[in-house]
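To keep things clear, I will list the structure first and then write my remarks on it.
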Amino acid sequence: MGDRTLSLKYGSTSLSFKIPSDNLLGILAPGKISPPCDTVRFIESILDTPTYGPPFSEIFRRGERITLVVSDITRYTGSRVYLPILINRLNTIGVGDDDIRIVFALGIHRQHLPREHRIIIGEEIYKRVRVYDHNASDSKNLTYLGRTERGAKVELNSMVAETDKIILTGTIGFHYLAGFGGGRKSILPGVASFDSCIDAHLQVLNPPDPGGKHPKARTGVLEGNPFHEVMVQACEMLCPIFLFNTILSNDKEIVAVAAGEYISAHEHGCDLLSRDFSPELEEKADLVIVSCGGFPKDINFIQAHKCIDYAMNVLKHGGVMIILAECSDGFGNPTFLDWFKYDDLLDLEKALRKNFEINGQTAYSTMIKAGNARIILVSGLAGDDVKRMSITPAESIDQALSIAYEALGKQPSTYVIPDGGSIFPRVTRSREER
């Protein structure tokens with residue numbers, strides 16, 4: 001049937017390549033979901049009749065201090081669209097701009113540049129409302145609230161912990177540890193102290209005996225997931241929370257919204273996401289070619305790793321994955337590569353338990369995947385640094401394909417995933433066992 005030409009996003013550009021049509025098992029994308037004809041009117045209607053709980057106008061009162069928690073630059077959520085609507089609604093109720101604050105949920109990510117604030121929330125809101133970057137290490141602006149059932153410390157940004165009401169914004173996506181992003185995750189680790197972030201991430205490891213990663217701390221799982229549970233318990237220590245989470249198309253259009261009571265609305269949004277963004281497949285492939293979906297999903301390797309995790313779900317053991325991730329911000333943390341001084345997975349796990357770092361957890365997960373398949377990375381990272389992760393660097397997608405074909409032959413069964421940061425493909429267990 002000849003070759004098929006495809007183009008995948010890479011940073012702010014795209015990369016084109018050809019693959020034999022006979023090799024292609026499928027191009028994995030969400031179901032066809034149309035955005036609302038009038039997004040503003042759609043959001044207004046959601047505020048009038050939230051997914052769960054009373055209307056927006058019945059929750060907030062004149063004179064209250066309201067803190068909006070907003071995702072950082074690494075997570076596009078549609079905030080420039082919905083923030084003016086939320087804030088204007090608060091104004092109508094009697095909450096003035098001076099009583100509203102925006103706190104960016106940076107977790108342990110770097111601080112924003114001023115222009116990045118404008119990119120996230122838009123010029124109008126930037127001029128009207130005070131904005132603050134959360135700093136996980138700034139003890140003067142942190143409030144201790146207690147500990148969870150498993151002993152995790154809950155210490156949060158004081159502007160969030162001490163406000164009258166919280167509006168928790170963001171987008172719901174898949175997450176390789178928390179099951180799903182969005183909702184409670186914007187609080188912990190989003191606006192938590194460094195120690196709280198560490199305690200929360202420690203939940204993903206089993207006790208030393210039997211060791212390893214907790215089996216429920218994985219993509220698409222909430223029930224029994226210890227990471228999810230510790231985040232929910234942190235939220236329970238706060239004042240009332242109103243959730244406003246979007247679900248986005250591959251083109252970053254708002255296609256659905258989960259709003260209202262933060263637990264039930266979030267769970268409903270996770271169900272919607274799974275329905276439309278988690279295709280069920282008949283078989284795994286020899287080769288998976290995946291793009292993170294461009295900027296900001298491939299802003300650094302730590303973010304890109306999530307795409308590797310999701311795509312690994314439909315790759316045969318010992319297969320080859322080509323991942324396109326520009327990584328314009330490098331690895332995402334200066335200490336990340338240090339963890340790869342451990343060549344053995346067990347040695348890395350022992351070191352992680354002794355001196356836990358969130359970056360070490362990502363390194364640990366990366367090493368697991370690199371041991372199960374050959375991963376080829378097309379990025380702007382230095383080749384020697386990529387090799388330290390037991391990943392093969394490639395300067396172009398054509399070079400990556402040559403390496404893959406050398407390992408697999410010229411006719412590997414192939415999936416292509418154009419937006420690996422948004423989709424979680426699955427092969428059902430019954431089909432895997434055939």
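Just remember, in the structure tokens the first chain shown is A, the second B, etc., residues are 1-based per chain, and ligands are 1-based in the order shown.
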- Taking the backbone alone, and naming residues the way the document does, which bits of segment 329-397 of chain A are strand (DSSP E or B) by DSSP, as a list in words? Arg374, Ile375, Ile376, Leu377, Val378, Thr392, Pro393 and Ala394 of chain A
- Item | For Trp339 of chain A: contacts at 9 Å, only C-alpha atoms, fewer than 2 positions along chain excluded, given as number ranges by chain | A: 335-337, 341-342, 348, 351-352, 359-360, 363-364
Could those residues be written to a file, using N, CA and C atoms, as a short mmCIF file (atom, residue, chain, number, x, y, z; two decimals), in the first residue's frame?
```cif
data_model
loop_
_atom_site.label_atom_id
_atom_site.label_comp_id
_atom_site.auth_asym_id
_atom_site.auth_seq_id
_atom_site.Cartn_x
_atom_site.Cartn_y
_atom_site.Cartn_z
N THR A 335 18.62 18.28 39.67
CA THR A 335 19.12 17.08 40.36
C THR A 335 18.63 15.78 39.73
N PHE A 336 17.78 15.88 38.69
CA PHE A 336 17.16 14.68 38.14
C PHE A 336 18.18 13.65 37.66
N LEU A 337 19.16 14.09 36.88
CA LEU A 337 20.12 13.16 36.31
C LEU A 337 21.01 12.50 37.35
N LYS A 341 23.21 7.72 38.60
CA LYS A 341 24.50 7.15 38.99
C LYS A 341 24.32 5.72 39.49
N TYR A 342 23.06 5.37 39.81
CA TYR A 342 22.74 4.00 40.20
C TYR A 342 22.37 3.21 38.94
N LEU A 348 18.84 1.93 43.16
CA LEU A 348 18.17 3.23 43.09
C LEU A 348 17.02 3.28 44.09
N ALA A 351 18.30 3.82 47.61
CA ALA A 351 18.73 5.21 47.79
C ALA A 351 17.52 6.14 47.90
N LEU A 352 16.48 5.84 47.15
CA LEU A 352 15.27 6.65 47.16
C LEU A 352 14.57 6.57 48.51
N ASN A 359 12.07 13.95 42.18
CA ASN A 359 12.78 13.69 40.94
C ASN A 359 13.34 12.28 40.90
N GLY A 360 13.71 11.77 42.07
CA GLY A 360 14.18 10.40 42.15
C GLY A 360 13.10 9.40 41.83
N ALA A 363 12.88 9.33 38.15
CA ALA A 363 14.03 8.57 37.65
C ALA A 363 13.81 7.07 37.83
N TYR A 364 13.29 6.70 38.98
CA TYR A 364 12.99 5.29 39.28
C TYR A 364 11.99 4.73 38.26
#
```
- Using DSSP on the backbone coordinates, identify the residues of segment 167-330 of chain A assigned to alpha helix (DSSP H); present them as a ChimeraX atom specification. /A:194-202,226-235,262-277,301-311
Store the residues of this selection in a file with N, CA and C atoms, as a compact mmCIF listing (two decimals), in the first residue's frame.
```txt
# COMPACT_ATOMS: atom_id res chain seq x y z
N PHE A 194 7.51 21.71 50.61
CA PHE A 194 8.42 20.70 50.06
C PHE A 194 8.30 19.38 50.84
N ASP A 195 8.26 19.49 52.17
CA ASP A 195 8.14 18.28 53.00
C ASP A 195 6.83 17.54 52.72
N SER A 196 5.75 18.28 52.54
CA SER A 196 4.46 17.65 52.24
C SER A 196 4.49 16.96 50.88
N CYS A 197 5.15 17.59 49.91
CA CYS A 197 5.28 16.96 48.59
C CYS A 197 6.04 15.64 48.69
N ILE A 198 7.09 15.64 49.48
CA ILE A 198 7.88 14.42 49.67
C ILE A 198 7.03 13.34 50.33
N ASP A 199 6.34 13.70 51.41
CA ASP A 199 5.51 12.73 52.13
C ASP A 199 4.43 12.14 51.24
N ALA A 200 3.83 12.97 50.39
CA ALA A 200 2.78 12.49 49.50
C ALA A 200 3.34 11.51 48.48
N HIS A 201 4.47 11.86 47.89
CA HIS A 201 5.05 10.98 46.87
C HIS A 201 5.60 9.68 47.45
N LEU A 202 5.98 9.71 48.72
CA LEU A 202 6.45 8.48 49.37
C LEU A 202 5.36 7.41 49.40
N PRO A 226 -2.93 5.06 47.04
CA PRO A 226 -2.51 5.79 48.24
C PRO A 226 -2.14 7.24 47.98
N PHE A 227 -1.66 7.54 46.78
CA PHE A 227 -1.32 8.92 46.43
C PHE A 227 -2.59 9.76 46.33
N HIS A 228 -3.61 9.21 45.68
CA HIS A 228 -4.91 9.89 45.59
C HIS A 228 -5.48 10.12 46.99
N GLU A 229 -5.43 9.12 47.83
CA GLU A 229 -6.05 9.21 49.16
C GLU A 229 -5.40 10.28 50.02
N VAL A 230 -4.08 10.40 49.97
CA VAL A 230 -3.41 11.40 50.80
C VAL A 230 -3.75 12.81 50.33
N MET A 231 -3.96 12.99 49.02
CA MET A 231 -4.33 14.31 48.50
C MET A 231 -5.74 14.70 48.93
N VAL A 232 -6.66 13.75 48.89
CA VAL A 232 -8.03 14.01 49.31
C VAL A 232 -8.06 14.39 50.79
N GLN A 233 -7.30 13.67 51.60
CA GLN A 233 -7.28 13.97 53.04
C GLN A 233 -6.70 15.34 53.32
N ALA A 234 -5.77 15.80 52.51
CA ALA A 234 -5.25 17.16 52.67
C ALA A 234 -6.33 18.19 52.36
N CYS A 235 -7.11 17.95 51.32
CA CYS A 235 -8.18 18.88 50.96
C CYS A 235 -9.25 18.96 52.04
N TYR A 262 -15.91 19.22 45.14
CA TYR A 262 -14.64 18.89 44.50
C TYR A 262 -14.37 17.39 44.35
N ILE A 263 -14.90 16.54 45.22
CA ILE A 263 -14.63 15.11 45.09
C ILE A 263 -15.53 14.50 44.02
N SER A 264 -16.83 14.69 44.16
CA SER A 264 -17.77 14.07 43.22
C SER A 264 -17.61 14.61 41.80
N ALA A 265 -17.41 15.93 41.70
CA ALA A 265 -17.25 16.53 40.37
C ALA A 265 -15.98 16.02 39.71
N HIS A 266 -14.92 15.89 40.48
CA HIS A 266 -13.66 15.39 39.92
C HIS A 266 -13.82 13.95 39.45
N GLU A 267 -14.45 13.11 40.24
CA GLU A 267 -14.66 11.71 39.85
C GLU A 267 -15.49 11.62 38.56
N HIS A 268 -16.49 12.50 38.46
CA HIS A 268 -17.30 12.53 37.23
C HIS A 268 -16.43 12.92 36.03
N GLY A 269 -15.57 13.91 36.22
CA GLY A 269 -14.68 14.33 35.14
C GLY A 269 -13.72 13.22 34.74
N CYS A 270 -13.24 12.45 35.71
CA CYS A 270 -12.35 11.32 35.41
C CYS A 270 -13.08 10.27 34.58
N ASP A 271 -14.35 10.05 34.89
CA ASP A 271 -15.16 9.10 34.11
C ASP A 271 -15.32 9.59 32.66
N LEU A 272 -15.57 10.89 32.50
CA LEU A 272 -15.70 11.46 31.15
C LEU A 272 -14.40 11.30 30.37
N LEU A 273 -13.29 11.58 31.04
CA LEU A 273 -11.98 11.48 30.39
C LEU A 273 -11.72 10.04 29.94
N SER A 274 -11.98 9.08 30.83
CA SER A 274 -11.75 7.68 30.48
C SER A 274 -12.61 7.23 29.32
N ARG A 275 -13.82 7.72 29.27
CA ARG A 275 -14.73 7.34 28.19
C ARG A 275 -14.22 7.79 26.83
N ASP A 276 -13.68 9.00 26.77
CA ASP A 276 -13.34 9.58 25.47
C ASP A 276 -11.85 9.57 25.14
N PHE A 277 -10.99 9.38 26.14
CA PHE A 277 -9.55 9.50 25.92
C PHE A 277 -8.77 8.24 26.30
N PHE A 301 11.79 16.90 30.36
CA PHE A 301 11.70 15.45 30.33
C PHE A 301 10.77 14.91 31.41
N ILE A 302 10.77 15.54 32.58
CA ILE A 302 9.91 15.06 33.66
C ILE A 302 8.44 15.07 33.23
N GLN A 303 8.04 16.10 32.48
CA GLN A 303 6.68 16.13 31.95
C GLN A 303 6.51 15.09 30.84
N ALA A 304 7.51 14.97 29.97
CA ALA A 304 7.43 14.03 28.86
C ALA A 304 7.37 12.58 29.33
N HIS A 305 7.95 12.31 30.47
CA HIS A 305 7.95 10.94 31.01
C HIS A 305 6.53 10.39 31.16
N LYS A 306 5.58 11.26 31.46
CA LYS A 306 4.20 10.81 31.60
C LYS A 306 3.69 10.19 30.31
N CYS A 307 4.06 10.78 29.19
CA CYS A 307 3.64 10.25 27.89
C CYS A 307 4.25 8.88 27.65
N ILE A 308 5.49 8.70 28.06
CA ILE A 308 6.14 7.39 27.95
C ILE A 308 5.35 6.37 28.75
N ASP A 309 4.94 6.75 29.95
CA ASP A 309 4.19 5.84 30.82
C ASP A 309 2.89 5.39 30.17
N TYR A 310 2.13 6.33 29.63
CA TYR A 310 0.83 5.98 29.04
C TYR A 310 1.01 5.10 27.80
N ALA A 311 1.97 5.48 26.95
CA ALA A 311 2.17 4.75 25.70
C ALA A 311 2.72 3.35 25.94
```
- Message: Which residues are close to Ser139 of chain A, i.e. within 12 Å by only C-alpha atoms, leaving aside same-chain residues fewer than 5 positions away? Reply as JSON, numbers by chain.
- Response: {"A": [134, 144, 155, 156, 157, 158, 192, 193, 194, 195]}
Output N, CA and C atoms for every residue in that selection, as a PDB file, in the first residue's frame.
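Written file, part.pdb:
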```pdb
ATOM      1  N   HIS A 134       3.295  30.062  44.140  1.00  0.00           N
ATOM      2  CA  HIS A 134       3.554  29.260  45.329  1.00  0.00           C
ATOM      3  C   HIS A 134       5.036  28.909  45.388  1.00  0.00           C
ATOM      4  N   TYR A 144       0.805  25.029  58.694  1.00  0.00           N
ATOM      5  CA  TYR A 144       0.717  23.599  59.039  1.00  0.00           C
ATOM      6  C   TYR A 144      -0.715  23.272  59.457  1.00  0.00           C
ATOM      7  N   GLU A 155       1.087  20.761  54.964  1.00  0.00           N
ATOM      8  CA  GLU A 155       1.529  22.134  55.173  1.00  0.00           C
ATOM      9  C   GLU A 155       1.345  22.851  53.844  1.00  0.00           C
ATOM     10  N   LEU A 156       0.470  23.865  53.842  1.00  0.00           N
ATOM     11  CA  LEU A 156       0.035  24.455  52.580  1.00  0.00           C
ATOM     12  C   LEU A 156       0.285  25.960  52.532  1.00  0.00           C
ATOM     13  N   ASN A 157       0.276  26.484  51.336  1.00  0.00           N
ATOM     14  CA  ASN A 157       0.389  27.918  51.119  1.00  0.00           C
ATOM     15  C   ASN A 157      -0.626  28.654  51.991  1.00  0.00           C
ATOM     16  N   SER A 158      -0.171  29.642  52.736  1.00  0.00           N
ATOM     17  CA  SER A 158      -1.044  30.316  53.714  1.00  0.00           C
ATOM     18  C   SER A 158      -2.193  31.054  53.046  1.00  0.00           C
ATOM     19  N   ALA A 192       1.597  22.881  48.211  1.00  0.00           N
ATOM     20  CA  ALA A 192       2.079  22.285  49.461  1.00  0.00           C
ATOM     21  C   ALA A 192       3.552  22.594  49.681  1.00  0.00           C
ATOM     22  N   SER A 193       3.983  22.418  50.921  1.00  0.00           N
ATOM     23  CA  SER A 193       5.393  22.600  51.253  1.00  0.00           C
ATOM     24  C   SER A 193       6.229  21.487  50.644  1.00  0.00           C
ATOM     25  N   PHE A 194       7.515  21.709  50.609  1.00  0.00           N
ATOM     26  CA  PHE A 194       8.419  20.696  50.062  1.00  0.00           C
ATOM     27  C   PHE A 194       8.297  19.384  50.843  1.00  0.00           C
ATOM     28  N   ASP A 195       8.257  19.488  52.170  1.00  0.00           N
ATOM     29  CA  ASP A 195       8.138  18.278  52.999  1.00  0.00           C
ATOM     30  C   ASP A 195       6.833  17.541  52.722  1.00  0.00           C
TER      31      ASP A 195
END
```
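Proximity of A:Ser390, A:Asn91, A:Ser7, A:Thr67 to Asp343 of chain A, computed with only C-alpha atoms, is greatest for A:Ser390.
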Hey, could you make a per-residue contact list for segment 34-55 of chain A against segment 72-80 of chain A with 12 Å as the cut-off, showing the nearest pair of atoms and its distance in Å to one decimal, counting only C-alpha atoms, sorted by chain and number, as a tab-separated table?
```
residue	atom	partner	partner_atom	distance
A:Thr39	CA	A:Gly78	CA	10.7
A:Val40	CA	A:Arg80	CA	11.4
A:Ile43	CA	A:Gly78	CA	11.5
```
Writer output for current selection, N, CA and C atoms, as a PDB file, in the first residue's frame:
```pdb
ATOM      1  N   THR A  39     -18.511  28.717  23.886  1.00  0.00           N
ATOM      2  CA  THR A  39     -17.808  28.269  25.094  1.00  0.00           C
ATOM      3  C   THR A  39     -18.173  29.122  26.304  1.00  0.00           C
ATOM      4  N   VAL A  40     -18.282  30.430  26.120  1.00  0.00           N
ATOM      5  CA  VAL A  40     -18.617  31.310  27.247  1.00  0.00           C
ATOM      6  C   VAL A  40     -19.997  30.964  27.792  1.00  0.00           C
ATOM      7  N   ILE A  43     -19.866  27.669  29.730  1.00  0.00           N
ATOM      8  CA  ILE A  43     -19.298  27.803  31.073  1.00  0.00           C
ATOM      9  C   ILE A  43     -20.292  28.483  32.018  1.00  0.00           C
TER      10      ILE A  43
END
```
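Counting only C-alpha atoms, the residue from A:Ala382, A:Val314, A:Leu205, A:Ala400 that sits nearest to Lys284 of chain A is A:Val314.
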- Query: Skipping near chain neighbours, those fewer than 5 positions away, what residues fall within 7 Å of Val416 of chain A using only C-alpha atoms, listed as an NGL selection string?
  - Reply: :A and (26-28 or 288-290)
